[in-house]
$ cat upload_16.json   # JSON, C-alpha atoms
[["chain", "number", "residue", "atom", "x", "y", "z"],
["A", 1, "ALA", "CA", 146.77, 131.23, 90.60],
["A", 2, "ALA", "CA", 143.59, 129.38, 91.52],
["A", 3, "LEU", "CA", 143.67, 130.95, 94.99],
["A", 4, "PHE", "CA", 144.23, 134.43, 93.55],
["A", 5, "GLY", "CA", 141.28, 133.87, 91.26],
["A", 6, "LYS", "CA", 139.01, 133.49, 94.27],
["A", 7, "THR", "CA", 140.09, 136.83, 95.76],
["A", 8, "ASP", "CA", 139.55, 140.43, 94.70],
["A", 9, "ILE", "CA", 143.07, 140.65, 93.27],
["A", 10, "PRO", "CA", 141.95, 140.28, 89.62],
["A", 11, "LYS", "CA", 139.44, 143.10, 90.06],
["A", 12, "CYS", "CA", 142.00, 145.29, 91.80],
["A", 13, "VAL", "CA", 144.71, 144.97, 89.13],
["A", 14, "ILE", "CA", 142.21, 145.63, 86.35],
["A", 15, "GLU", "CA", 140.92, 148.69, 88.18],
["A", 16, "ASN", "CA", 144.50, 149.93, 88.59],
["A", 17, "ILE", "CA", 144.97, 149.76, 84.81],
["A", 18, "ARG", "CA", 141.56, 151.19, 83.99],
["A", 19, "SER", "CA", 141.80, 154.17, 86.37],
["A", 20, "THR", "CA", 145.34, 155.34, 85.60],
["A", 21, "THR", "CA", 145.75, 158.72, 83.90],
["A", 22, "ALA", "CA", 149.37, 158.13, 82.85],
["A", 23, "PRO", "CA", 149.93, 156.78, 79.33],
["A", 24, "PRO", "CA", 151.62, 153.33, 79.23],
["A", 25, "SER", "CA", 154.75, 154.83, 77.69],
["A", 26, "ARG", "CA", 155.27, 156.79, 80.91],
["A", 27, "TRP", "CA", 154.88, 153.84, 83.26],
["A", 28, "THR", "CA", 158.08, 153.21, 85.18],
["A", 29, "SER", "CA", 159.41, 149.76, 85.99],
["A", 30, "ASN", "CA", 157.54, 148.22, 88.93],
["A", 31, "SER", "CA", 155.08, 151.10, 89.08],
["A", 32, "LEU", "CA", 151.56, 150.21, 90.16],
["A", 33, "GLU", "CA", 150.35, 150.09, 86.54],
["A", 34, "ASP", "CA", 153.37, 148.14, 85.30],
["A", 35, "PHE", "CA", 153.06, 145.63, 88.13],
["A", 36, "SER", "CA", 149.29, 145.29, 87.62],
["A", 37, "LEU", "CA", 149.68, 144.49, 83.91],
["A", 38, "PHE", "CA", 152.30, 141.86, 84.67],
["A", 39, "VAL", "CA", 149.97, 140.30, 87.22],
["A", 40, "VAL", "CA", 147.25, 140.17, 84.56],
["A", 41, "LEU", "CA", 149.63, 138.41, 82.17],
["A", 42, "ASN", "CA", 150.51, 135.77, 84.74],
["A", 43, "LEU", "CA", 146.97, 135.17, 86.02],
["A", 44, "ALA", "CA", 145.62, 134.94, 82.45],
["A", 45, "GLN", "CA", 147.45, 131.64, 81.99],
["A", 46, "TRP", "CA", 145.35, 129.68, 84.46],
["A", 47, "PRO", "CA", 141.64, 128.78, 84.15],
["A", 48, "ILE", "CA", 140.20, 130.02, 87.45],
["A", 49, "SER", "CA", 142.12, 133.29, 87.61],
["A", 50, "LYS", "CA", 141.56, 133.81, 83.86],
["A", 51, "GLU", "CA", 137.81, 133.58, 84.39],
["A", 52, "ALA", "CA", 138.02, 136.10, 87.23],
["A", 53, "LEU", "CA", 139.92, 138.52, 84.98],
["A", 54, "LEU", "CA", 137.35, 138.16, 82.23],
["A", 55, "GLU", "CA", 134.55, 138.87, 84.66],
["A", 56, "ALA", "CA", 136.41, 142.02, 85.72],
["A", 57, "GLY", "CA", 136.53, 143.23, 82.09],
["A", 58, "ALA", "CA", 140.23, 142.55, 81.53],
["A", 59, "ILE", "CA", 140.17, 142.47, 77.73],
["A", 60, "ASP", "CA", 138.50, 145.87, 77.40],
["A", 61, "ALA", "CA", 140.89, 147.37, 79.94],
["A", 62, "VAL", "CA", 144.07, 145.92, 78.43],
["A", 63, "LYS", "CA", 143.22, 146.03, 74.73],
["A", 64, "PRO", "CA", 144.09, 149.74, 74.16],
["A", 65, "ILE", "CA", 147.61, 149.17, 75.49],
["A", 66, "MET", "CA", 148.46, 146.76, 72.65],
["A", 67, "SER", "CA", 149.01, 149.64, 70.23],
["A", 68, "GLU", "CA", 151.91, 150.98, 72.34],
["A", 69, "GLY", "CA", 154.40, 148.68, 70.65],
["A", 70, "ASP", "CA", 156.92, 148.64, 73.52],
["A", 71, "LEU", "CA", 157.22, 146.36, 76.55],
["A", 72, "GLN", "CA", 153.79, 147.38, 77.81],
["A", 73, "GLY", "CA", 152.35, 146.70, 74.36],
["A", 74, "LEU", "CA", 153.96, 143.26, 74.33],
["A", 75, "LYS", "CA", 152.60, 142.40, 77.78],
["A", 76, "ALA", "CA", 149.15, 143.59, 76.74],
["A", 77, "THR", "CA", 149.31, 141.56, 73.54],
["A", 78, "VAL", "CA", 150.33, 138.38, 75.34],
["A", 79, "SER", "CA", 147.67, 139.01, 77.99],
["A", 80, "CYS", "CA", 144.89, 139.48, 75.44],
["A", 81, "ALA", "CA", 145.96, 136.35, 73.58],
["A", 82, "LEU", "CA", 145.92, 134.32, 76.80],
["A", 83, "LEU", "CA", 142.55, 135.78, 77.75],
["A", 84, "GLY", "CA", 141.08, 134.53, 74.47],
["A", 85, "ALA", "CA", 140.51, 137.87, 72.76],
["A", 86, "GLU", "CA", 139.01, 137.62, 69.28],
["A", 87, "TRP", "CA", 141.29, 138.08, 66.27],
["A", 88, "SER", "CA", 139.65, 141.41, 65.43],
["A", 89, "ALA", "CA", 140.71, 142.81, 68.82],
["A", 90, "PHE", "CA", 144.38, 142.88, 67.80],
["A", 91, "PRO", "CA", 145.45, 146.10, 66.01],
["A", 92, "ASP", "CA", 146.48, 146.29, 62.34],
["A", 93, "GLY", "CA", 145.18, 142.88, 61.38],
["A", 94, "ALA", "CA", 147.21, 141.31, 64.22],
["A", 95, "GLN", "CA", 150.45, 141.81, 62.27],
["A", 96, "PRO", "CA", 152.27, 143.42, 65.23],
["A", 97, "ALA", "CA", 150.90, 140.79, 67.62],
["A", 98, "SER", "CA", 152.05, 137.95, 65.37],
["A", 99, "LYS", "CA", 155.52, 139.43, 64.93],
["A", 100, "SER", "CA", 156.12, 140.29, 68.58],
["A", 101, "THR", "CA", 154.90, 136.92, 69.89],
["A", 102, "ALA", "CA", 157.04, 134.96, 67.43],
["A", 103, "GLU", "CA", 160.03, 137.17, 68.28],
["A", 104, "LEU", "CA", 159.45, 136.54, 71.98],
["A", 105, "MET", "CA", 159.49, 132.77, 71.45],
["A", 106, "THR", "CA", 162.69, 133.04, 69.41],
["A", 107, "ASN", "CA", 164.47, 135.18, 72.00],
["A", 108, "ILE", "CA", 163.56, 132.80, 74.82],
["A", 109, "VAL", "CA", 164.83, 129.76, 72.90],
["A", 110, "GLU", "CA", 168.03, 131.61, 72.02],
["A", 111, "LYS", "CA", 168.40, 132.71, 75.65],
["A", 112, "LYS", "CA", 168.41, 136.42, 75.03],
["A", 113, "GLY", "CA", 166.28, 139.44, 75.82],
["A", 114, "LYS", "CA", 165.40, 142.51, 73.80],
["A", 115, "ASP", "CA", 167.32, 145.74, 74.25],
["A", 116, "GLY", "CA", 165.33, 148.38, 76.07],
["A", 117, "GLN", "CA", 162.40, 146.07, 76.78],
["A", 118, "TYR", "CA", 163.11, 142.87, 78.66],
["A", 119, "ALA", "CA", 165.96, 140.66, 79.83],
["A", 120, "TYR", "CA", 166.23, 136.94, 79.29],
["A", 121, "GLY", "CA", 164.26, 135.08, 81.95],
["A", 122, "VAL", "CA", 161.47, 137.64, 82.34],
["A", 123, "PHE", "CA", 159.18, 135.59, 80.09],
["A", 124, "LYS", "CA", 158.91, 131.79, 80.10],
["A", 125, "LEU", "CA", 158.71, 129.66, 76.97],
["A", 126, "TYR", "CA", 155.43, 128.03, 78.00],
["A", 127, "THR", "CA", 153.90, 131.52, 78.34],
["A", 128, "ALA", "CA", 155.09, 132.68, 74.90],
["A", 129, "THR", "CA", 154.11, 129.44, 73.16],
["A", 130, "LYS", "CA", 150.72, 129.48, 74.84],
["A", 131, "ALA", "CA", 150.12, 133.03, 73.59],
["A", 132, "TYR", "CA", 151.16, 131.96, 70.08],
["A", 133, "ARG", "CA", 148.82, 128.97, 70.26],
["A", 134, "ASP", "CA", 145.92, 131.13, 71.42],
["A", 135, "LEU", "CA", 146.59, 133.66, 68.65],
["A", 136, "SER", "CA", 146.61, 130.77, 66.17],
["A", 137, "GLN", "CA", 143.29, 129.55, 67.53],
["A", 138, "ALA", "CA", 141.80, 133.05, 67.20],
["A", 139, "ALA", "CA", 143.08, 133.32, 63.62],
["A", 140, "ALA", "CA", 141.65, 129.92, 62.71],
["A", 141, "ALA", "CA", 138.30, 130.87, 64.24],
["A", 142, "ALA", "CA", 138.28, 134.11, 62.24],
["A", 143, "ASP", "CA", 138.93, 132.12, 59.07],
["A", 144, "SER", "CA", 135.94, 129.95, 60.01],
["A", 145, "GLY", "CA", 137.64, 126.89, 58.57],
["A", 146, "ASP", "CA", 137.47, 128.32, 55.06],
["A", 147, "GLY", "CA", 140.68, 129.81, 53.67],
["A", 148, "GLU", "CA", 143.80, 131.05, 55.36],
["A", 149, "SER", "CA", 143.64, 134.85, 55.20],
["A", 150, "ASN", "CA", 144.23, 135.21, 58.94],
["A", 151, "THR", "CA", 146.26, 132.11, 59.78],
["A", 152, "LYS", "CA", 148.84, 133.08, 57.14],
["A", 153, "THR", "CA", 149.65, 136.17, 59.24],
["A", 154, "LEU", "CA", 151.03, 133.85, 61.92],
["A", 155, "ALA", "CA", 152.28, 131.04, 59.68],
["A", 156, "VAL", "CA", 155.52, 132.70, 58.59],
["A", 157, "PRO", "CA", 158.19, 130.03, 57.97],
["A", 158, "SER", "CA", 160.49, 131.21, 60.77],
["A", 159, "ALA", "CA", 157.72, 130.90, 63.38],
["A", 160, "VAL", "CA", 156.50, 127.55, 62.04],
["A", 161, "ALA", "CA", 160.08, 126.23, 61.99],
["A", 162, "LEU", "CA", 160.50, 127.35, 65.59],
["A", 163, "CYS", "CA", 157.46, 125.27, 66.57],
["A", 164, "PHE", "CA", 158.99, 122.26, 64.80],
["A", 165, "GLN", "CA", 162.22, 122.97, 66.68],
["A", 166, "VAL", "CA", 160.57, 123.06, 70.11],
["A", 167, "ILE", "CA", 158.73, 119.80, 69.49],
["A", 168, "SER", "CA", 161.70, 117.95, 67.97],
["A", 169, "ASP", "CA", 164.06, 119.13, 70.71],
["A", 170, "LEU", "CA", 161.74, 117.57, 73.28],
["A", 171, "VAL", "CA", 161.69, 114.32, 71.31],
["A", 172, "LEU", "CA", 165.50, 114.27, 71.12],
["A", 173, "ALA", "CA", 165.81, 115.09, 74.82],
["A", 174, "ALA", "CA", 163.59, 112.11, 75.60],
["A", 175, "ALA", "CA", 165.71, 109.73, 73.50],
["A", 176, "ASP", "CA", 168.67, 108.42, 75.51],
["A", 177, "ASP", "CA", 170.59, 107.38, 72.41],
["A", 178, "ALA", "CA", 169.97, 110.55, 70.37],
["A", 179, "GLU", "CA", 172.96, 112.64, 69.39],
["A", 180, "GLY", "CA", 173.12, 116.41, 69.49],
["A", 181, "SER", "CA", 171.57, 118.88, 71.87],
["A", 182, "SER", "CA", 169.99, 122.31, 71.80],
["A", 183, "LYS", "CA", 170.58, 125.51, 73.71],
["A", 184, "TYR", "CA", 167.13, 125.27, 75.20],
["A", 185, "VAL", "CA", 165.42, 122.03, 76.22],
["A", 186, "PRO", "CA", 161.68, 122.78, 76.10],
["A", 187, "ASP", "CA", 159.13, 121.67, 78.65],
["A", 188, "VAL", "CA", 156.20, 119.38, 77.92],
["A", 189, "LYS", "CA", 153.62, 122.18, 77.93],
["A", 190, "SER", "CA", 155.60, 124.32, 75.46],
["A", 191, "ALA", "CA", 155.74, 121.40, 73.03],
["A", 192, "GLU", "CA", 151.99, 120.87, 73.47],
["A", 193, "HIS", "CA", 151.31, 124.53, 72.69],
["A", 194, "CYS", "CA", 153.46, 124.34, 69.55],
["A", 195, "ALA", "CA", 151.72, 121.16, 68.37],
["A", 196, "CYS", "CA", 148.33, 122.82, 68.82],
["A", 197, "ALA", "CA", 149.51, 125.97, 67.03],
["A", 198, "ILE", "CA", 150.69, 123.90, 64.06],
["A", 199, "GLU", "CA", 147.32, 122.20, 63.84],
["A", 200, "TYR", "CA", 145.48, 125.53, 63.87],
["A", 201, "LEU", "CA", 147.79, 126.99, 61.22],
["A", 202, "LEU", "CA", 147.66, 124.05, 58.79],
["A", 203, "PRO", "CA", 145.43, 125.83, 56.21],
["A", 204, "ALA", "CA", 148.22, 128.39, 55.71],
["A", 205, "VAL", "CA", 151.15, 126.01, 56.19],
["A", 206, "LEU", "CA", 149.76, 123.58, 53.61],
["A", 207, "GLN", "CA", 148.63, 126.19, 51.10],
["A", 208, "ALA", "CA", 149.55, 124.90, 47.64],
["A", 209, "SER", "CA", 151.67, 126.84, 45.19],
["A", 210, "ASP", "CA", 149.98, 128.87, 42.51],
["A", 211, "PRO", "CA", 149.86, 127.36, 39.96],
["A", 212, "PRO", "CA", 149.93, 123.89, 41.55],
["A", 213, "ARG", "CA", 152.99, 121.78, 40.77],
["A", 214, "LYS", "CA", 154.68, 118.62, 41.92],
["A", 215, "SER", "CA", 157.51, 118.94, 44.43],
["A", 216, "VAL", "CA", 159.90, 116.29, 45.71],
["A", 217, "GLN", "CA", 161.05, 118.74, 48.39],
["A", 218, "SER", "CA", 157.52, 119.17, 49.73],
["A", 219, "GLU", "CA", 157.04, 115.41, 49.77],
["A", 220, "LYS", "CA", 160.28, 114.97, 51.72],
["A", 221, "ALA", "CA", 159.34, 117.78, 54.13],
["A", 222, "ALA", "CA", 155.86, 116.38, 54.68],
["A", 223, "GLY", "CA", 157.17, 112.89, 55.43],
["A", 224, "GLU", "CA", 159.85, 114.02, 57.86],
["A", 225, "ILE", "CA", 157.67, 116.51, 59.73],
["A", 226, "ALA", "CA", 154.81, 114.01, 59.99],
["A", 227, "GLN", "CA", 157.25, 111.43, 61.38],
["A", 228, "MET", "CA", 158.55, 113.92, 63.95],
["A", 229, "LEU", "CA", 155.03, 114.82, 65.10],
["A", 230, "THR", "CA", 154.16, 111.13, 65.37],
["A", 231, "ALA", "CA", 157.29, 110.51, 67.46],
["A", 232, "TYR", "CA", 156.25, 113.37, 69.75],
["A", 233, "ALA", "CA", 152.71, 111.99, 70.07],
["A", 234, "ASP", "CA", 154.15, 108.61, 71.07],
["A", 235, "LEU", "CA", 156.28, 109.98, 73.93],
["A", 236, "SER", "CA", 155.15, 108.73, 77.31],
["A", 237, "GLY", "CA", 155.07, 112.24, 78.80],
["A", 238, "THR", "CA", 153.07, 113.89, 76.03],
["A", 239, "THR", "CA", 149.73, 115.29, 77.17],
["A", 240, "GLU", "CA", 146.52, 114.01, 75.66],
["A", 241, "VAL", "CA", 145.88, 117.40, 74.09],
["A", 242, "GLY", "CA", 149.33, 117.36, 72.52],
["A", 243, "GLN", "CA", 148.86, 113.81, 71.24],
["A", 244, "VAL", "CA", 145.58, 114.61, 69.52],
["A", 245, "ALA", "CA", 146.93, 117.80, 67.93],
["A", 246, "ALA", "CA", 150.14, 116.14, 66.76],
["A", 247, "LYS", "CA", 148.41, 113.10, 65.29],
["A", 248, "ASN", "CA", 145.83, 115.23, 63.48],
["A", 249, "ALA", "CA", 148.53, 117.50, 62.09],
["A", 250, "ALA", "CA", 150.76, 114.56, 61.12],
["A", 251, "GLY", "CA", 147.97, 112.91, 59.17],
["A", 252, "LYS", "CA", 147.10, 116.04, 57.21],
["A", 253, "ILE", "CA", 150.73, 116.92, 56.55],
["A", 254, "ARG", "CA", 151.58, 113.41, 55.36],
["A", 255, "ALA", "CA", 148.58, 113.41, 53.03],
["A", 256, "SER", "CA", 149.69, 116.73, 51.51],
["A", 257, "GLY", "CA", 152.98, 115.36, 50.16],
["A", 258, "GLY", "CA", 153.71, 115.51, 46.44],
["A", 259, "THR", "CA", 152.15, 118.89, 45.75],
["A", 260, "ALA", "CA", 154.35, 121.94, 46.30],
["A", 261, "ARG", "CA", 153.67, 123.63, 49.65],
["A", 262, "PRO", "CA", 155.99, 126.68, 49.81],
["A", 263, "VAL", "CA", 155.49, 127.52, 53.50],
["A", 264, "LEU", "CA", 156.00, 123.89, 54.52],
["A", 265, "GLU", "CA", 159.12, 123.61, 52.36],
["A", 266, "ILE", "CA", 160.76, 126.78, 53.71],
["A", 267, "SER", "CA", 159.82, 125.94, 57.30],
["A", 268, "HIS", "CA", 161.31, 122.48, 56.91],
["A", 269, "ASP", "CA", 164.48, 123.96, 55.43],
["A", 270, "LEU", "CA", 164.89, 126.38, 58.36],
["A", 271, "TRP", "CA", 164.29, 123.57, 60.82],
["A", 272, "THR", "CA", 166.90, 121.43, 59.03],
["A", 273, "GLN", "CA", 169.44, 124.28, 59.11],
["A", 274, "TYR", "CA", 168.91, 124.61, 62.85],
["A", 275, "ARG", "CA", 169.51, 120.89, 63.39],
["A", 276, "LYS", "CA", 172.70, 121.06, 61.31],
["A", 277, "ARG", "CA", 174.01, 123.94, 63.44],
["A", 278, "GLU", "CA", 173.24, 122.01, 66.62],
["A", 279, "GLY", "CA", 174.89, 118.84, 65.34],
["A", 280, "GLN", "CA", 171.66, 116.86, 65.60],
["A", 281, "PRO", "CA", 171.15, 113.69, 63.53],
["A", 282, "LEU", "CA", 169.38, 114.58, 60.30],
["A", 283, "ASP", "CA", 168.03, 111.05, 59.82],
["A", 284, "GLN", "CA", 166.22, 111.00, 63.17],
["A", 285, "PHE", "CA", 162.79, 111.58, 61.66],
["A", 286, "ILE", "CA", 163.16, 109.99, 58.24],
["A", 287, "SER", "CA", 160.45, 107.40, 57.86],
["A", 288, "GLN", "CA", 161.80, 103.87, 57.78],
["A", 289, "GLU", "CA", 159.12, 103.07, 55.25],
["A", 290, "ARG", "CA", 161.24, 104.86, 52.66],
["A", 291, "GLY", "CA", 164.55, 103.13, 53.40],
["A", 292, "VAL", "CA", 167.02, 102.66, 50.58],
["A", 293, "GLU", "CA", 168.50, 99.38, 51.73],
["A", 294, "VAL", "CA", 167.09, 96.22, 50.19],
["A", 295, "ASP", "CA", 167.05, 92.87, 51.93],
["A", 296, "GLU", "CA", 164.98, 89.73, 51.78],
["A", 297, "SER", "CA", 162.02, 91.49, 53.38],
["A", 298, "GLY", "CA", 162.35, 94.56, 51.19],
["A", 299, "PRO", "CA", 160.54, 95.67, 48.05],
["A", 300, "LEU", "CA", 162.47, 93.17, 45.84],
["A", 301, "ASP", "CA", 161.52, 90.06, 47.77],
["A", 302, "PHE", "CA", 159.61, 88.86, 44.74],
["A", 303, "LEU", "CA", 162.95, 88.05, 43.06],
["A", 304, "PRO", "CA", 164.00, 84.38, 43.35],
["A", 305, "CYS", "CA", 167.44, 85.27, 44.67],
["A", 306, "CYS", "CA", 165.96, 87.43, 47.43],
["A", 307, "ALA", "CA", 163.24, 85.08, 48.62],
["A", 308, "PRO", "CA", 163.71, 83.68, 52.15],
["A", 309, "SER", "CA", 163.12, 80.15, 50.87],
["A", 310, "LYS", "CA", 166.32, 80.36, 48.82],
["A", 311, "GLY", "CA", 168.56, 80.36, 51.87],
["A", 312, "ASP", "CA", 171.76, 82.32, 51.43],
["A", 313, "ALA", "CA", 171.27, 82.98, 47.73],
["A", 314, "SER", "CA", 172.20, 86.47, 46.65],
["A", 315, "CYS", "CA", 172.07, 88.47, 43.45],
["A", 316, "VAL", "CA", 173.43, 91.68, 42.03],
["A", 317, "ILE", "CA", 171.21, 94.25, 40.37],
["A", 318, "SER", "CA", 173.00, 96.20, 37.69]]

$ encode --input "upload_16.json" --output "structure tokens"
Amino acid sequence: AALFGKTDIPKCVIENIRSTTAPPSRWTSNSLEDFSLFVVLNLAQWPISKEALLEAGAIDAVKPIMSEGDLQGLKATVSCALLGAEWSAFPDGAQPASKSTAELMTNIVEKKGKDGQYAYGVFKLYTATKAYRDLSQAAAAADSGDGESNTKTLAVPSAVALCFQVISDLVLAAADDAEGSSKYVPDVKSAEHCACAIEYLLPAVLQASDPPRKSVQSEKAAGEIAQMLTAYADLSGTTEVGQVAAKNAAGKIRASGGTARPVLEISHDLWTQYRKREGQPLDQFISQERGVEVDESGPLDFLPCCAPSKGDASCVIS
């Protein structure tokens, strides 16, 4: 990709798209226009070639295709996200972009394609998660750190739960003694993209209920998700970017516990259902700080019968 970025290939593929007279809906598979757009999508993922595409006016050339809504529309949407297009560039308040990108991630994880559009294997998980991350970043930038009117478009529970799933599956895959497995073992970069997306979407994910209320379920969800993100950050293969995003998100999520957070609750529930279906251990990410067993070093060590100095003394609490 770096080598391509130093050639005239980015300019050529953009010119192919810009100069065509055929509407995208009429492009045949592997036609010059179809091939050129796919090249744009692939080159947009890498810094040097991405910069070359931007200099060639890629966003302006590709942006009109997003409204097509078919395979070409999906490729244009993913391309614009990877190129760093502003949130306002995506049609209809980015609702179609958010839906199609989340659907693409889901289909890849479930190892399936989409009838009439693409087969499984055409898109890679790191590409889809990177597009979702970049959309999340654009939404957060549009919100300017105040409110969640744009991030909530992306922070639907099913998509948020999928990000939790990708990250936790990587953690389980890295643990030799962990039980259970998933259909799709994610790569390190996909987990990084999901961690970054979660961090960008936190204003919407942690939006409190209206009116505010206490919630044991939200407290449980916050603790378990924060523990999972911390475990991911502590993996030896986690990138520095992923570590920072996961730790920041874990801290904010843990601090939010106690108050009802509907999106967090539902996302956690969907993630838990997935782990049940896959036969994964449900206690993997339960914080040990909240254990229920009591021993001499536990929360009742102030009792005489539990103090270490008393030897083998024991007592019964009734």

$ closest_residue --input "upload_16.json" --among "A:Lys276, A:Arg26, A:His193, A:Lys214" --to "Gly258 (chain A)" --atoms "all atoms listed in the file"
A:Lys214

$ atom_distance --input "upload_16.json" --atom1 "CA of Pro281 (chain A)" --atom2 "CA of Ser168 (chain A)"
11.3 Å

$ atom_distance --input "upload_16.json" --atom1 "CA of Gly57 (chain A)" --atom2 "CA of Tyr126 (chain A)"
24.6 Å

$ residues_around --input "upload_16.json" --residues "region 11-20 of chain A" --least-positions-apart "4" --cutoff "10 Å" --atoms "only C-alpha atoms" --output "PyMOL selection string"
chain A and resi 5+7+24+27+32-40+52-62+65

$ residues_near_point --input "upload_16.json" --point "(157.0, 120.8, 50.9)" --cutoff "9 Å" --atoms "all atoms listed in the file" --output "ChimeraX atom specification"
/A:206,215-222,256-268

$ residues_around --input "upload_16.json" --residues "region 234-242 of chain A" --least-positions-apart "3" --cutoff "12 Å" --atoms "all atoms listed in the file" --output "VMD selection string"
chain A and resid 133 167 to 168 170 to 175 187 to 199 227 to 231 245 to 250

$ atom_distance --input "upload_16.json" --atom1 "CA of Gln45 (chain A)" --atom2 "CA of Leu82 (chain A)"
6.0 Å

$ residues_near_point --input "upload_16.json" --point "(151.6, 117.0, 60.1)" --cutoff "6 Å" --atoms "all atoms listed in the file" --output "PDB file with C-alpha atoms, in the coordinates of the input"
ATOM      1  CA  ALA A 226     154.810 114.010  59.990  1.00  0.00           C
ATOM      2  CA  ALA A 249     148.530 117.500  62.090  1.00  0.00           C
ATOM      3  CA  ALA A 250     150.760 114.560  61.120  1.00  0.00           C
ATOM      4  CA  GLY A 251     147.970 112.910  59.170  1.00  0.00           C
ATOM      5  CA  LYS A 252     147.100 116.040  57.210  1.00  0.00           C
ATOM      6  CA  ILE A 253     150.730 116.920  56.550  1.00  0.00           C
ATOM      7  CA  ARG A 254     151.580 113.410  55.360  1.00  0.00           C
TER       8      ARG A 254
END

$ residues_around --input "upload_16.json" --residues "region 151-160 of chain A" --least-positions-apart "6" --cutoff "8 Å" --atoms "only C-alpha atoms" --output "NGL selection string"
:A and (94-95 or 98-99 or 102 or 136 or 139-140 or 143 or 198 or 200-201 or 203-205 or 263-264 or 266-267 or 270)

$ closest_residue --input "upload_16.json" --among "A:Val78, A:Phe164, A:Trp271, A:Leu71" --to "Ala119 (chain A)" --atoms "only C-alpha atoms"
A:Leu71

$ build_atoms --input "upload_16.json" --residues "region 14-26 of chain A" --atoms "N, CA and C atoms" --output "PDB file, in the coordinates of the input"
ATOM      1  N   ILE A  14     142.893 145.075  87.521  1.00  0.00           N
ATOM      2  CA  ILE A  14     142.210 145.630  86.350  1.00  0.00           C
ATOM      3  C   ILE A  14     141.775 147.064  86.623  1.00  0.00           C
ATOM      4  N   GLU A  15     141.320 147.325  87.825  1.00  0.00           N
ATOM      5  CA  GLU A  15     140.920 148.690  88.180  1.00  0.00           C
ATOM      6  C   GLU A  15     142.128 149.626  88.198  1.00  0.00           C
ATOM      7  N   ASN A  16     143.283 149.117  88.620  1.00  0.00           N
ATOM      8  CA  ASN A  16     144.500 149.930  88.590  1.00  0.00           C
ATOM      9  C   ASN A  16     144.823 150.374  87.171  1.00  0.00           C
ATOM     10  N   ILE A  17     144.674 149.458  86.218  1.00  0.00           N
ATOM     11  CA  ILE A  17     144.970 149.760  84.810  1.00  0.00           C
ATOM     12  C   ILE A  17     143.914 150.692  84.230  1.00  0.00           C
ATOM     13  N   ARG A  18     142.664 150.413  84.554  1.00  0.00           N
ATOM     14  CA  ARG A  18     141.560 151.190  83.990  1.00  0.00           C
ATOM     15  C   ARG A  18     141.553 152.636  84.509  1.00  0.00           C
ATOM     16  N   SER A  19     141.937 152.849  85.746  1.00  0.00           N
ATOM     17  CA  SER A  19     141.800 154.170  86.370  1.00  0.00           C
ATOM     18  C   SER A  19     143.026 155.065  86.214  1.00  0.00           C
ATOM     19  N   THR A  20     144.139 154.520  85.704  1.00  0.00           N
ATOM     20  CA  THR A  20     145.340 155.340  85.600  1.00  0.00           C
ATOM     21  C   THR A  20     145.166 156.460  84.572  1.00  0.00           C
ATOM     22  N   THR A  21     145.793 157.589  84.840  1.00  0.00           N
ATOM     23  CA  THR A  21     145.750 158.720  83.900  1.00  0.00           C
ATOM     24  C   THR A  21     147.060 158.836  83.119  1.00  0.00           C
ATOM     25  N   ALA A  22     148.081 158.082  83.543  1.00  0.00           N
ATOM     26  CA  ALA A  22     149.370 158.130  82.850  1.00  0.00           C
ATOM     27  C   ALA A  22     149.361 157.198  81.647  1.00  0.00           C
ATOM     28  N   PRO A  23     149.870 157.667  80.508  1.00  0.00           N
ATOM     29  CA  PRO A  23     149.930 156.780  79.330  1.00  0.00           C
ATOM     30  C   PRO A  23     150.931 155.649  79.592  1.00  0.00           C
ATOM     31  N   PRO A  24     150.717 154.477  78.987  1.00  0.00           N
ATOM     32  CA  PRO A  24     151.620 153.330  79.230  1.00  0.00           C
ATOM     33  C   PRO A  24     153.086 153.637  78.953  1.00  0.00           C
ATOM     34  N   SER A  25     153.357 154.505  78.004  1.00  0.00           N
ATOM     35  CA  SER A  25     154.750 154.830  77.690  1.00  0.00           C
ATOM     36  C   SER A  25     155.457 155.550  78.834  1.00  0.00           C
ATOM     37  N   ARG A  26     154.689 156.067  79.777  1.00  0.00           N
ATOM     38  CA  ARG A  26     155.270 156.790  80.910  1.00  0.00           C
ATOM     39  C   ARG A  26     155.326 155.925  82.176  1.00  0.00           C
TER      40      ARG A  26
END
